[in-house]
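Q: Sharing structure11.cif, mmCIF, C-alpha atoms and all ligand atoms:
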```cif
data_start
#
loop_
_atom_site.label_atom_id
_atom_site.label_comp_id
_atom_site.auth_asym_id
_atom_site.auth_seq_id
_atom_site.Cartn_x
_atom_site.Cartn_y
_atom_site.Cartn_z
CA MET A 1 -69.93 5.23 -3.02
CA PRO A 2 -73.65 4.31 -2.99
CA ASP A 3 -75.19 3.43 -6.32
CA ALA A 4 -77.19 6.69 -6.52
CA ARG A 5 -74.07 8.75 -5.87
CA PHE A 6 -72.12 6.77 -8.47
CA LYS A 7 -74.82 7.50 -11.06
CA ALA A 8 -74.87 11.16 -10.07
CA VAL A 9 -71.09 11.47 -10.59
CA LEU A 10 -71.42 9.69 -13.94
CA ARG A 11 -74.15 12.16 -14.96
CA LYS A 12 -71.99 15.05 -13.80
CA LEU A 13 -69.15 13.75 -15.95
CA GLU A 14 -71.49 13.44 -18.94
CA GLY A 15 -72.68 17.00 -18.39
CA LEU A 16 -69.16 18.39 -18.13
CA LEU A 17 -68.07 16.59 -21.27
CA GLY A 18 -71.19 17.74 -23.08
CA ALA A 19 -70.38 21.34 -22.22
CA LEU A 20 -66.96 21.07 -23.82
CA ASP A 21 -66.62 21.57 -27.54
CA ARG A 22 -63.88 18.97 -27.86
CA PRO A 23 -62.97 15.54 -26.51
CA VAL A 24 -60.61 15.30 -23.54
CA THR A 25 -57.76 12.87 -23.00
CA PHE A 26 -56.54 11.75 -19.61
CA MET A 27 -53.75 9.37 -18.72
CA GLU A 28 -54.17 6.82 -15.98
CA VAL A 29 -50.58 6.81 -14.82
CA CYS A 30 -50.73 3.57 -12.87
CA GLY A 31 -51.19 0.11 -14.36
CA THR A 32 -53.46 -0.83 -11.48
CA HIS A 33 -55.81 1.97 -12.57
CA THR A 34 -55.74 0.57 -16.12
CA ALA A 35 -56.66 -2.90 -14.86
CA ALA A 36 -59.31 -1.54 -12.44
CA LEU A 37 -61.00 0.48 -15.20
CA PHE A 38 -61.43 -2.66 -17.29
CA ARG A 39 -62.09 -5.20 -14.52
CA SER A 40 -64.80 -3.14 -12.85
CA GLY A 41 -66.58 -2.38 -16.13
CA LEU A 42 -66.17 1.36 -15.52
CA ARG A 43 -64.34 1.88 -18.78
CA ALA A 44 -67.35 0.62 -20.74
CA LEU A 45 -69.65 3.06 -18.87
CA LEU A 46 -67.63 6.17 -19.60
CA PRO A 47 -69.28 8.76 -21.82
CA ARG A 48 -68.16 9.55 -25.35
CA GLY A 49 -65.70 12.36 -25.63
CA LEU A 50 -63.42 10.96 -22.95
CA ARG A 51 -60.27 9.19 -24.10
CA LEU A 52 -57.99 7.31 -21.70
CA LEU A 53 -54.35 6.45 -22.24
CA SER A 54 -52.14 4.26 -20.12
CA GLY A 55 -48.98 5.62 -18.57
CA PRO A 56 -45.63 4.60 -17.14
CA GLY A 57 -46.94 3.31 -13.81
CA CYS A 58 -46.43 -0.43 -14.19
CA PRO A 59 -43.12 -1.25 -12.51
CA VAL A 60 -42.43 -4.39 -14.50
CA CYS A 61 -43.32 -2.69 -17.79
CA VAL A 62 -40.97 0.26 -17.30
CA THR A 63 -38.01 -1.90 -16.31
CA ASP A 64 -35.65 -1.39 -19.21
CA GLN A 65 -34.61 -4.33 -21.36
CA SER A 66 -30.97 -3.72 -20.38
CA GLU A 67 -32.00 -4.19 -16.74
CA ILE A 68 -33.87 -7.39 -17.57
CA HIS A 69 -30.66 -8.65 -19.17
CA MET A 70 -28.67 -7.92 -16.01
CA ALA A 71 -31.14 -10.07 -14.05
CA LEU A 72 -30.84 -12.87 -16.61
CA ASP A 73 -27.03 -12.62 -16.45
CA LEU A 74 -27.11 -13.07 -12.68
CA ALA A 75 -29.36 -16.14 -12.97
CA GLU A 76 -27.05 -17.62 -15.61
CA ARG A 77 -24.05 -17.02 -13.34
CA GLY A 78 -25.63 -19.23 -10.69
CA CYS A 79 -26.96 -16.61 -8.29
CA LEU A 80 -30.18 -17.45 -6.47
CA ILE A 81 -32.58 -14.82 -7.78
CA VAL A 82 -35.47 -13.73 -5.56
CA THR A 83 -38.08 -11.72 -7.42
CA TYR A 84 -41.64 -10.49 -7.50
CA GLY A 85 -43.71 -12.87 -9.64
CA ASP A 86 -44.43 -10.61 -12.60
CA MET A 87 -40.73 -10.40 -13.45
CA MET A 88 -40.56 -14.13 -14.11
CA ARG A 89 -42.02 -14.12 -17.61
CA VAL A 90 -40.54 -10.92 -19.05
CA PRO A 91 -38.62 -12.07 -22.12
CA GLY A 92 -35.14 -10.83 -22.92
CA ALA A 93 -34.40 -9.35 -26.34
CA LYS A 94 -32.93 -11.36 -29.23
CA ALA A 95 -34.61 -14.62 -28.18
CA ARG A 96 -33.05 -14.48 -24.71
CA SER A 97 -34.92 -16.52 -22.15
CA SER A 98 -37.07 -15.22 -19.36
CA LEU A 99 -36.27 -16.01 -15.72
CA LEU A 100 -39.01 -18.64 -15.87
CA GLU A 101 -37.34 -20.41 -18.78
CA LEU A 102 -33.96 -20.25 -17.08
CA LYS A 103 -35.54 -21.76 -13.96
CA SER A 104 -36.96 -24.61 -16.07
CA ARG A 105 -33.40 -25.27 -17.23
CA GLY A 106 -32.05 -25.41 -13.69
CA ALA A 107 -31.39 -21.78 -12.73
CA ARG A 108 -32.30 -20.90 -9.16
CA VAL A 109 -35.16 -18.39 -9.11
CA GLU A 110 -37.61 -17.92 -6.24
CA VAL A 111 -40.77 -15.81 -6.24
CA THR A 112 -41.57 -13.66 -3.25
CA GLN A 113 -43.95 -10.88 -2.24
CA SER A 114 -41.52 -9.47 0.29
CA ALA A 115 -38.00 -8.06 0.10
CA MET A 116 -37.36 -9.26 3.64
CA ARG A 117 -38.02 -12.84 2.51
CA ALA A 118 -34.94 -12.56 0.28
CA VAL A 119 -32.87 -11.72 3.35
CA GLU A 120 -34.30 -14.76 5.16
CA ILE A 121 -33.37 -16.97 2.18
CA ALA A 122 -29.81 -15.60 2.25
CA ARG A 123 -29.58 -16.35 5.95
CA ALA A 124 -30.83 -19.91 5.41
CA GLU A 125 -28.52 -20.54 2.44
CA PRO A 126 -25.07 -19.22 3.35
CA GLY A 127 -23.52 -21.11 0.43
CA SER A 128 -25.62 -19.26 -2.17
CA GLN A 129 -25.28 -15.75 -3.52
CA VAL A 130 -28.84 -14.44 -3.14
CA VAL A 131 -29.85 -11.47 -5.30
CA PHE A 132 -33.15 -9.66 -4.78
CA LEU A 133 -34.57 -8.01 -7.92
CA ALA A 134 -35.65 -4.69 -6.47
CA VAL A 135 -38.25 -3.26 -8.85
CA GLY A 136 -41.11 -0.86 -8.30
CA PHE A 137 -41.80 2.70 -7.29
CA GLU A 138 -42.08 4.52 -3.97
CA THR A 139 -44.47 1.77 -2.87
CA THR A 140 -41.84 -0.99 -2.80
CA ALA A 141 -38.58 0.94 -2.43
CA PRO A 142 -38.94 1.44 1.36
CA ALA A 143 -39.28 -2.34 1.82
CA THR A 144 -36.06 -2.86 -0.15
CA ALA A 145 -34.36 -0.22 2.00
CA ALA A 146 -35.50 -2.05 5.14
CA ALA A 147 -34.18 -5.35 3.73
CA LEU A 148 -30.78 -3.81 3.00
CA LYS A 149 -30.61 -2.38 6.51
CA GLU A 150 -31.43 -5.80 7.91
CA ALA A 151 -28.77 -7.44 5.71
CA LYS A 152 -26.23 -4.93 7.02
CA ARG A 153 -27.30 -5.44 10.62
CA SER A 154 -26.87 -9.20 10.13
CA SER A 155 -23.51 -8.75 8.35
CA LEU A 156 -24.71 -10.94 5.48
CA THR A 157 -22.06 -11.42 2.81
CA ASN A 158 -24.20 -13.50 0.44
CA PHE A 159 -27.07 -11.04 -0.04
CA SER A 160 -27.38 -8.20 -2.53
CA ALA A 161 -30.06 -6.32 -4.45
CA LEU A 162 -30.17 -5.42 -8.11
CA CYS A 163 -31.67 -2.01 -7.49
CA LEU A 164 -34.00 -1.06 -10.34
CA HIS A 165 -36.37 1.14 -8.32
CA LYS A 166 -37.78 4.20 -10.01
CA THR A 167 -39.72 7.21 -8.75
CA VAL A 168 -42.90 8.60 -10.26
CA PRO A 169 -42.77 12.44 -10.14
CA PRO A 170 -39.59 12.66 -12.31
CA VAL A 171 -41.09 10.50 -15.04
CA MET A 172 -44.26 12.63 -15.01
CA ARG A 173 -42.15 15.74 -15.52
CA ALA A 174 -40.23 14.03 -18.33
CA LEU A 175 -43.47 12.87 -19.98
CA CYS A 176 -44.90 16.39 -19.94
CA SER A 177 -41.87 17.70 -21.81
CA ARG A 178 -42.02 15.02 -24.52
CA PRO A 179 -43.24 16.11 -27.92
CA GLY A 180 -46.33 14.31 -29.15
CA LEU A 181 -48.00 13.69 -25.78
CA ASP A 182 -51.53 15.01 -26.08
CA VAL A 183 -53.19 14.72 -22.67
CA ASP A 184 -55.27 17.17 -20.66
CA GLY A 185 -54.58 15.63 -17.29
CA PHE A 186 -53.49 12.72 -15.19
CA ILE A 187 -55.03 10.28 -12.72
CA LEU A 188 -52.20 9.88 -10.23
CA PRO A 189 -51.69 6.71 -8.17
CA GLY A 190 -52.94 6.98 -4.60
CA ASN A 191 -50.60 4.27 -3.29
CA VAL A 192 -47.46 6.02 -4.56
CA THR A 193 -48.72 9.43 -3.44
CA VAL A 194 -49.31 8.29 0.14
CA VAL A 195 -45.57 7.53 0.31
CA ALA A 196 -44.11 10.23 -1.95
CA GLY A 197 -46.58 13.01 -1.07
CA LEU A 198 -48.69 15.41 -3.11
CA ASP A 199 -46.08 18.13 -3.31
CA GLY A 200 -43.98 16.20 -5.82
CA TYR A 201 -46.69 16.76 -8.45
CA ALA A 202 -47.13 20.49 -7.86
CA PHE A 203 -45.56 21.22 -11.25
CA LEU A 204 -48.46 19.59 -13.15
CA PRO A 205 -51.03 22.40 -12.71
CA GLU A 206 -48.24 24.90 -13.40
CA LEU A 207 -47.78 23.19 -16.77
CA GLY A 208 -51.50 23.50 -17.50
CA LYS A 209 -52.33 19.88 -16.74
CA ALA A 210 -55.24 18.72 -14.61
CA ALA A 211 -54.22 16.29 -11.87
CA ALA A 212 -56.21 14.11 -9.49
CA VAL A 213 -55.00 11.43 -7.10
CA ALA A 214 -57.21 8.36 -6.77
CA GLY A 215 -57.11 4.91 -5.26
CA PHE A 216 -58.21 1.88 -7.22
CA ASP A 217 -61.93 1.66 -6.41
CA PRO A 218 -64.03 2.43 -9.48
CA GLU A 219 -65.88 5.16 -7.55
CA GLU A 220 -62.62 6.93 -6.79
CA ILE A 221 -61.49 6.68 -10.38
CA LEU A 222 -64.83 8.00 -11.62
CA ALA A 223 -64.70 10.90 -9.16
CA ALA A 224 -61.15 11.67 -10.33
CA LEU A 225 -62.30 11.69 -13.96
CA ALA A 226 -65.14 14.10 -13.12
CA ASP A 227 -62.72 16.31 -11.20
CA LEU A 228 -60.21 16.34 -14.05
CA THR A 229 -62.93 17.19 -16.55
CA GLN A 230 -64.16 20.00 -14.32
CA GLN A 231 -60.64 21.43 -14.18
CA VAL A 232 -60.46 21.37 -17.99
CA THR A 233 -63.93 22.91 -18.30
CA GLU A 234 -63.02 25.74 -15.94
CA GLY A 235 -59.52 26.17 -17.38
CA ARG A 236 -58.23 26.23 -13.79
CA PHE A 237 -55.82 23.45 -12.99
CA ARG A 238 -55.08 22.11 -9.54
CA LEU A 239 -53.86 19.04 -7.77
CA SER A 240 -56.82 17.29 -6.22
CA ALA A 241 -57.18 14.06 -4.26
CA TYR A 242 -60.28 12.00 -3.62
CA ARG A 243 -59.09 11.32 -0.09
CA LEU A 244 -57.35 14.62 0.45
CA ARG A 245 -57.19 14.41 4.22
CA GLU A 246 -55.55 10.98 4.00
CA THR A 247 -53.04 12.07 1.38
CA PRO A 248 -50.11 13.78 3.08
CA ARG A 249 -48.60 16.70 1.20
CA ALA A 250 -45.08 15.68 2.14
CA GLY A 251 -45.59 11.94 2.02
CA ASN A 252 -44.83 9.29 4.60
CA PRO A 253 -41.90 10.61 6.62
CA MET A 254 -40.80 7.23 7.94
CA ALA A 255 -40.76 5.60 4.49
CA LEU A 256 -39.02 8.59 2.92
CA ARG A 257 -36.40 8.65 5.69
CA LEU A 258 -35.72 4.98 5.14
CA MET A 259 -35.33 5.50 1.40
CA ALA A 260 -33.08 8.52 1.90
CA GLU A 261 -30.83 6.61 4.29
CA VAL A 262 -30.24 3.73 1.87
CA PHE A 263 -30.72 5.24 -1.60
CA GLU A 264 -29.68 8.37 -3.42
CA PRO A 265 -31.36 9.69 -6.57
CA CYS A 266 -29.73 8.71 -9.84
CA ASP A 267 -30.53 8.96 -13.53
CA ALA A 268 -32.46 5.85 -14.56
CA ARG A 269 -33.29 4.22 -17.86
CA TRP A 270 -37.02 3.60 -18.45
CA ARG A 271 -38.28 1.27 -21.13
CA GLY A 272 -39.16 3.34 -24.17
CA LEU A 273 -38.60 6.61 -22.34
CA GLY A 274 -34.81 6.57 -22.16
CA LEU A 275 -32.65 8.04 -19.45
CA ILE A 276 -34.60 10.28 -17.06
CA PRO A 277 -32.66 12.51 -14.66
CA ARG A 278 -32.91 11.65 -10.96
CA SER A 279 -35.71 9.14 -11.52
CA GLY A 280 -33.95 6.11 -10.05
CA CYS A 281 -32.61 4.94 -6.71
CA ARG A 282 -28.94 4.10 -6.35
CA ILE A 283 -27.73 2.22 -3.29
CA ARG A 284 -25.62 4.58 -1.18
CA GLU A 285 -21.93 4.03 -0.50
CA ALA A 286 -22.63 2.85 3.06
CA TYR A 287 -24.61 -0.08 1.63
CA SER A 288 -22.61 -0.61 -1.58
CA CYS A 289 -21.50 -4.12 -0.58
CA PHE A 290 -25.17 -5.08 -1.09
CA ASP A 291 -25.34 -3.57 -4.56
CA ALA A 292 -25.52 -6.52 -6.97
CA ALA A 293 -24.51 -4.42 -9.99
CA GLU A 294 -21.30 -3.41 -8.20
CA LYS A 295 -20.68 -6.78 -6.58
CA PHE A 296 -20.95 -8.68 -9.85
CA GLY A 297 -19.57 -5.98 -12.16
CA LEU A 298 -22.75 -5.51 -14.18
CA THR A 299 -23.39 -2.59 -16.51
CA PRO A 300 -26.62 -2.11 -18.45
CA VAL A 301 -26.17 -2.60 -22.19
CA PRO A 302 -28.95 -0.94 -24.23
CA THR A 303 -30.84 -3.40 -26.47
CA GLY A 304 -33.64 -3.07 -29.00
CA ASP A 305 -37.28 -3.96 -28.40
CA GLU A 306 -37.81 -6.00 -31.60
CA GLY A 307 -41.14 -4.63 -32.74
CA CYS A 308 -42.61 -4.32 -29.26
CA LYS A 309 -44.29 -0.95 -28.74
CA CYS A 310 -44.38 -0.99 -24.93
CA GLY A 311 -42.34 2.21 -24.89
CA GLU A 312 -44.89 4.08 -27.00
CA ILE A 313 -47.77 2.68 -24.95
CA LEU A 314 -46.15 3.64 -21.64
CA SER A 315 -45.58 7.14 -23.02
CA GLY A 316 -49.21 7.59 -24.03
CA LEU A 317 -48.32 7.77 -27.71
CA MET A 318 -50.46 4.77 -28.69
CA THR A 319 -52.92 2.24 -27.29
CA PRO A 320 -52.27 -1.53 -27.20
CA PRO A 321 -54.54 -2.47 -30.15
CA GLU A 322 -52.44 -0.15 -32.31
CA CYS A 323 -49.47 -2.50 -31.87
CA GLU A 324 -49.60 -4.90 -34.80
CA LEU A 325 -48.40 -7.79 -32.62
CA HIS A 326 -51.23 -7.33 -30.07
CA GLY A 327 -53.37 -10.46 -29.94
CA THR A 328 -51.53 -12.09 -32.83
CA THR A 329 -47.88 -12.84 -32.11
CA CYS A 330 -48.16 -11.31 -28.64
CA THR A 331 -50.66 -12.83 -26.20
CA PRO A 332 -50.53 -13.54 -22.45
CA LEU A 333 -49.29 -17.05 -23.30
CA THR A 334 -46.68 -15.80 -25.76
CA PRO A 335 -45.77 -12.33 -24.50
CA VAL A 336 -43.34 -10.33 -26.60
CA GLY A 337 -43.05 -7.48 -24.13
CA PRO A 338 -43.65 -6.81 -20.44
CA CYS A 339 -46.90 -4.89 -21.00
CA MET A 340 -48.43 -8.25 -21.98
CA VAL A 341 -46.77 -10.12 -19.10
CA SER A 342 -47.61 -8.00 -16.12
CA SER A 343 -50.98 -8.15 -14.42
CA GLU A 344 -50.76 -4.33 -14.43
CA GLY A 345 -49.70 -4.14 -18.07
CA ALA A 346 -51.91 -2.22 -20.49
CA CYS A 347 -51.54 -4.79 -23.29
CA SER A 348 -52.59 -7.59 -20.98
CA ALA A 349 -55.60 -5.58 -19.72
CA TRP A 350 -56.79 -4.78 -23.25
CA TYR A 351 -56.31 -8.42 -24.30
CA LYS A 352 -58.24 -9.82 -21.35
CA TRP A 353 -61.11 -7.38 -21.11
CA GLN A 354 -61.59 -5.50 -24.34
S1 LIG A 401 -48.86 -6.04 -27.64
FE1 LIG A 401 -46.99 -7.11 -27.08
S2 LIG A 401 -45.48 -6.48 -28.58
FE2 LIG A 401 -47.17 -5.02 -28.67
S3 LIG A 401 -46.57 -3.41 -27.27
FE3 LIG A 401 -47.80 -4.84 -26.10
S4 LIG A 401 -46.29 -6.21 -25.16
FE4 LIG A 401 -45.23 -5.14 -26.82
#
```
Take the structure in the file and write it out as structure tokens.

A:
Amino acid sequence: MPDARFKAVLRKLEGLLGALDRPVTFMEVCGTHTAALFRSGLRALLPRGLRLLSGPGCPVCVTDQSEIHMALDLAERGCLIVTYGDMMRVPGAKARSSLLELKSRGARVEVTQSAMRAVEIARAEPGSQVVFLAVGFETTAPATAAALKEAKRSSLTNFSALCLHKTVPPVMRALCSRPGLDVDGFILPGNVTVVAGLDGYAFLPELGKAAAVAGFDPEEILAALADLTQQVTEGRFRLSAYRLRETPRAGNPMALRLMAEVFEPCDARWRGLGLIPRSGCRIREAYSCFDAAEKFGLTPVPTGDEGCKCGEILSGLMTPPECELHGTTCTPLTPVGPCMVSSEGACSAWYKWQ
């Protein structure tokens, strides 16, 4: 967006907010939006009367502590864990180590940016039990599905995935029904929506919530904020998208087919949000020999969060500075919870840029 246009949208936003007789609150659902708002400086430019809350769109942050413990169990049992980097430093509860600490004590943990790489490692190391930590939303789940298909095609017996994938529309529905959430609308993640489709969020306007899909450029986020504010001003709610023509209503059919072939919806536990119906991905029977939870007899055991308020932050009930550990006990070097670990975590973003 050219500079003049950017300024014009900012002025429009100021005008819309000025016409309202109350402040508005929007939630940026995705952690990448949170980070982009700070990193670009856009957050500092936003007019008064606009409050932003972070949401449950950081995959590492929403991974429940019980799920983190299953991953630590597997590393302690001698499996070769292959994981996305942000999972390395998430601490377990009750002074349990992180994967990084276990690795420093000899556990086998490899970082990857690709699920398929975990399959390659399994192929190269037939004597090791390789477990891929499958976290993330609709953006990463298709890649895990493709890796499981490849493992099946190759008849690998030493590869499995700890499937912790979650899906975004069900958590949005659950959030909207939670008491105490005071938001007028949502900035929805463009990357997830390109895969999952716009239609999954159709319930938001029906619930009286403004909704706008945006990518991670500051211009797109600003345009989404202006759009959301306009919806509130008019009292007419809709589902808008900055790049509407590039945002398929029904999502990416190939990715969704892949997911549907390998996964089935299941109830999933989200950090701080509890069990949310049909918000997770369970590996289907046809691929169950690659399900690490089944293969190694793991069951999630709920644990406490020991003063960490990630759950409240991910639910939009508080902001990171309201956590009394923020910036004192909990820093990027000494993270107490995943919201301080992850590059998409709200606590980390506030610490670095506020
Ligand atoms: S500042 Fe640290 S302890 Fe507080 S909510 Fe964030 S991650 Fe948890």

Q: Which is closer to ligand LIG 401 (chain A) than all the others in A:Val62, A:Val171, A:Leu16, A:Cys266, using all atoms listed in the file?

A: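 Closest to ligand LIG 401 (chain A), using all atoms listed in the file: A:Val62.
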
Q: Show which residues sit within 6 Å of Pro265 of chain A, as a list in words. Count only C-alpha atoms, and ignore same-chain residues fewer than 5 positions away.

A: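 Everything that qualifies: Arg278, Gly280 and Cys281 of chain A.
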
Q: Next, write the just-selected residues to a file, as a PDB file, in the coordinates of the input, keeping C-alpha atoms as the atom set.

A:
```
ATOM      1  CA  ARG A 278     -32.910  11.650 -10.960  1.00  0.00           C
ATOM      2  CA  GLY A 280     -33.950   6.110 -10.050  1.00  0.00           C
ATOM      3  CA  CYS A 281     -32.610   4.940  -6.710  1.00  0.00           C
TER       4      CYS A 281
END
```

Q: Do you know which residues are within 6 Å of ligand LIG 401 (chain A) using only C-alpha atoms and all ligand atoms? Can you write them as an mmCIF file with C-alpha atoms, in the frame of the given file?

A:
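Writing done, so here's out-v8.cif:
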```cif
data_model
loop_
_atom_site.group_PDB
_atom_site.id
_atom_site.type_symbol
_atom_site.label_atom_id
_atom_site.label_comp_id
_atom_site.auth_asym_id
_atom_site.auth_seq_id
_atom_site.Cartn_x
_atom_site.Cartn_y
_atom_site.Cartn_z
ATOM 1 C CA CYS A 308 -42.610 -4.320 -29.260
ATOM 2 C CA LYS A 309 -44.290 -0.950 -28.740
ATOM 3 C CA CYS A 310 -44.380 -0.990 -24.930
ATOM 4 C CA PRO A 320 -52.270 -1.530 -27.200
ATOM 5 C CA CYS A 323 -49.470 -2.500 -31.870
ATOM 6 C CA LEU A 325 -48.400 -7.790 -32.620
ATOM 7 C CA HIS A 326 -51.230 -7.330 -30.070
ATOM 8 C CA CYS A 330 -48.160 -11.310 -28.640
ATOM 9 C CA PRO A 335 -45.770 -12.330 -24.500
ATOM 10 C CA VAL A 336 -43.340 -10.330 -26.600
ATOM 11 C CA GLY A 337 -43.050 -7.480 -24.130
ATOM 12 C CA PRO A 338 -43.650 -6.810 -20.440
ATOM 13 C CA CYS A 339 -46.900 -4.890 -21.000
ATOM 14 C CA MET A 340 -48.430 -8.250 -21.980
ATOM 15 C CA CYS A 347 -51.540 -4.790 -23.290
#
```

Q: Have a look at A:Gly185, A:Gly190, A:Leu225, A:Gly274 and name the one nearest to Gly208 of chain A; count only C-alpha atoms.

A: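 Between A:Gly185, A:Gly190, A:Leu225, A:Gly274, the residue approaching Gly208 of chain A most closely is A:Gly185.
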
Q: I'd like the neighbourhood of segment 26-36 of chain A as a PDB file with C-alpha atoms, in the coordinates of the input, where a residue qualifies if any of its atoms comes within 6 Å (using only C-alpha atoms), though same-chain residues fewer than 4 positions away should be ignored.

A:
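So the final result, stored in out.pdb, reads:
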```pdb
ATOM      1  CA  SER A  40     -64.800  -3.140 -12.850  1.00  0.00           C
ATOM      2  CA  LEU A  52     -57.990   7.310 -21.700  1.00  0.00           C
ATOM      3  CA  LEU A  53     -54.350   6.450 -22.240  1.00  0.00           C
ATOM      4  CA  SER A  54     -52.140   4.260 -20.120  1.00  0.00           C
ATOM      5  CA  GLY A  55     -48.980   5.620 -18.570  1.00  0.00           C
ATOM      6  CA  PRO A  56     -45.630   4.600 -17.140  1.00  0.00           C
ATOM      7  CA  GLY A  57     -46.940   3.310 -13.810  1.00  0.00           C
ATOM      8  CA  CYS A  58     -46.430  -0.430 -14.190  1.00  0.00           C
ATOM      9  CA  VAL A 183     -53.190  14.720 -22.670  1.00  0.00           C
ATOM     10  CA  ASP A 184     -55.270  17.170 -20.660  1.00  0.00           C
ATOM     11  CA  GLY A 185     -54.580  15.630 -17.290  1.00  0.00           C
ATOM     12  CA  PHE A 186     -53.490  12.720 -15.190  1.00  0.00           C
ATOM     13  CA  ILE A 187     -55.030  10.280 -12.720  1.00  0.00           C
ATOM     14  CA  LEU A 188     -52.200   9.880 -10.230  1.00  0.00           C
ATOM     15  CA  PRO A 189     -51.690   6.710  -8.170  1.00  0.00           C
ATOM     16  CA  PHE A 216     -58.210   1.880  -7.220  1.00  0.00           C
ATOM     17  CA  GLU A 344     -50.760  -4.330 -14.430  1.00  0.00           C
ATOM     18  CA  GLY A 345     -49.700  -4.140 -18.070  1.00  0.00           C
ATOM     19  CA  ALA A 349     -55.600  -5.580 -19.720  1.00  0.00           C
TER      20      ALA A 349
END
```

Q: If we count only C-alpha atoms, what is near Leu46 of chain A at a cut-off of 9 Å, once residues fewer than 3 positions away on the same chain are taken out, given as a list of chain:residue names?

A: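 Near Leu46 of chain A, the qualifying residues are A:Leu10, A:Leu13, A:Glu14, A:Leu42, A:Arg43, A:Gly49, A:Leu50, A:Leu222.
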
Q: What's around Ala122 of chain A at 9 Å? Count all atoms listed in the file, leave out sequence neighbours fewer than 5 positions away in its own chain, and write the answer as a list of chain:residue names.

A: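 So, after excluding close chain neighbours, the residues are A:Leu80, A:Arg117, A:Gly127, A:Ser128, A:Gln129, A:Val130, A:Val131, A:Ala151, A:Leu156, A:Thr157, A:Asn158, A:Phe159.
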
Q: Find, counting only C-alpha atoms, the residue in A:Ala241, A:Ser342, A:Phe132, A:Arg123 that gets nearest to Val90 of chain A.

A: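 The closest residue to Val90 of chain A is A:Ser342.
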
Q: Would you mind listing what lies within 7 Å of Val262 of chain A as a tab-separated table (two decimals) with C-alpha atoms, in the coordinates of the input, with all atoms listed in the file counted and same-chain residues fewer than 6 positions away left out?

A:
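Okay, this is what ended up in part_13.tsv:
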```
chain	number	residue	atom	x	y	z
A	145	ALA	CA	-34.36	-0.22	2.00
A	283	ILE	CA	-27.73	2.22	-3.29
A	284	ARG	CA	-25.62	4.58	-1.18
A	287	TYR	CA	-24.61	-0.08	1.63
```

Q: For a test of reading the model, state the distance in Å between atom CA of Ser97 of chain A and atom CA of His69 of chain A, rounded to one decimal.

A: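 So the answer is 9.4 Å.
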
Q: Considering all atoms listed in the file, can you say which of A:Leu314, A:Leu45, A:Leu198, A:Ala75 comes closest to Glu101 of chain A?

A: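 Among the listed residues, the smallest separation from Glu101 of chain A belongs to A:Ala75.
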
Q: Out of A:Glu220, A:Ala286, A:Glu246, A:Leu228, which residue has the shortest atom-to-atom distance to Leu17 of chain A when counting only C-alpha atoms?

A: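 Checking each of A:Glu220, A:Ala286, A:Glu246, A:Leu228 against Leu17 of chain A, counting only C-alpha atoms, the winner is A:Leu228.
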
Q: Since the input is missing atoms for segment 230-241 of chain A, could you rebuild it with N, CA and C atoms and give the result as a short mmCIF file (atom, residue, chain, number, x, y, z; two decimals), in the coordinates of the input?

A:
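Result file selection09.cif:
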```cif
data_model
loop_
_atom_site.label_atom_id
_atom_site.label_comp_id
_atom_site.auth_asym_id
_atom_site.auth_seq_id
_atom_site.Cartn_x
_atom_site.Cartn_y
_atom_site.Cartn_z
N GLN A 230 -63.75 18.68 -14.83
CA GLN A 230 -64.16 20.00 -14.32
C GLN A 230 -63.00 20.99 -14.42
N GLN A 231 -61.81 20.54 -14.08
CA GLN A 231 -60.64 21.43 -14.18
C GLN A 231 -60.46 21.91 -15.62
N VAL A 232 -60.63 20.99 -16.58
CA VAL A 232 -60.46 21.37 -17.99
C VAL A 232 -61.57 22.34 -18.39
N THR A 233 -62.79 22.05 -17.95
CA THR A 233 -63.93 22.91 -18.30
C THR A 233 -63.71 24.34 -17.79
N GLU A 234 -63.22 24.42 -16.54
CA GLU A 234 -63.02 25.74 -15.94
C GLU A 234 -61.74 26.41 -16.43
N GLY A 235 -60.82 25.60 -16.98
CA GLY A 235 -59.52 26.17 -17.38
C GLY A 235 -58.67 26.53 -16.19
N ARG A 236 -59.01 25.96 -15.02
CA ARG A 236 -58.23 26.23 -13.79
C ARG A 236 -57.72 24.90 -13.29
N PHE A 237 -56.40 24.76 -13.30
CA PHE A 237 -55.82 23.45 -12.99
C PHE A 237 -55.31 23.41 -11.55
N ARG A 238 -55.51 22.27 -10.93
CA ARG A 238 -55.08 22.11 -9.54
C ARG A 238 -54.72 20.65 -9.33
N LEU A 239 -54.22 20.39 -8.14
CA LEU A 239 -53.86 19.04 -7.77
C LEU A 239 -54.89 18.59 -6.74
N SER A 240 -55.77 17.69 -7.15
CA SER A 240 -56.82 17.29 -6.22
C SER A 240 -56.61 15.84 -5.81
N ALA A 241 -57.28 15.45 -4.73
CA ALA A 241 -57.18 14.06 -4.26
C ALA A 241 -58.53 13.66 -3.71
#
```
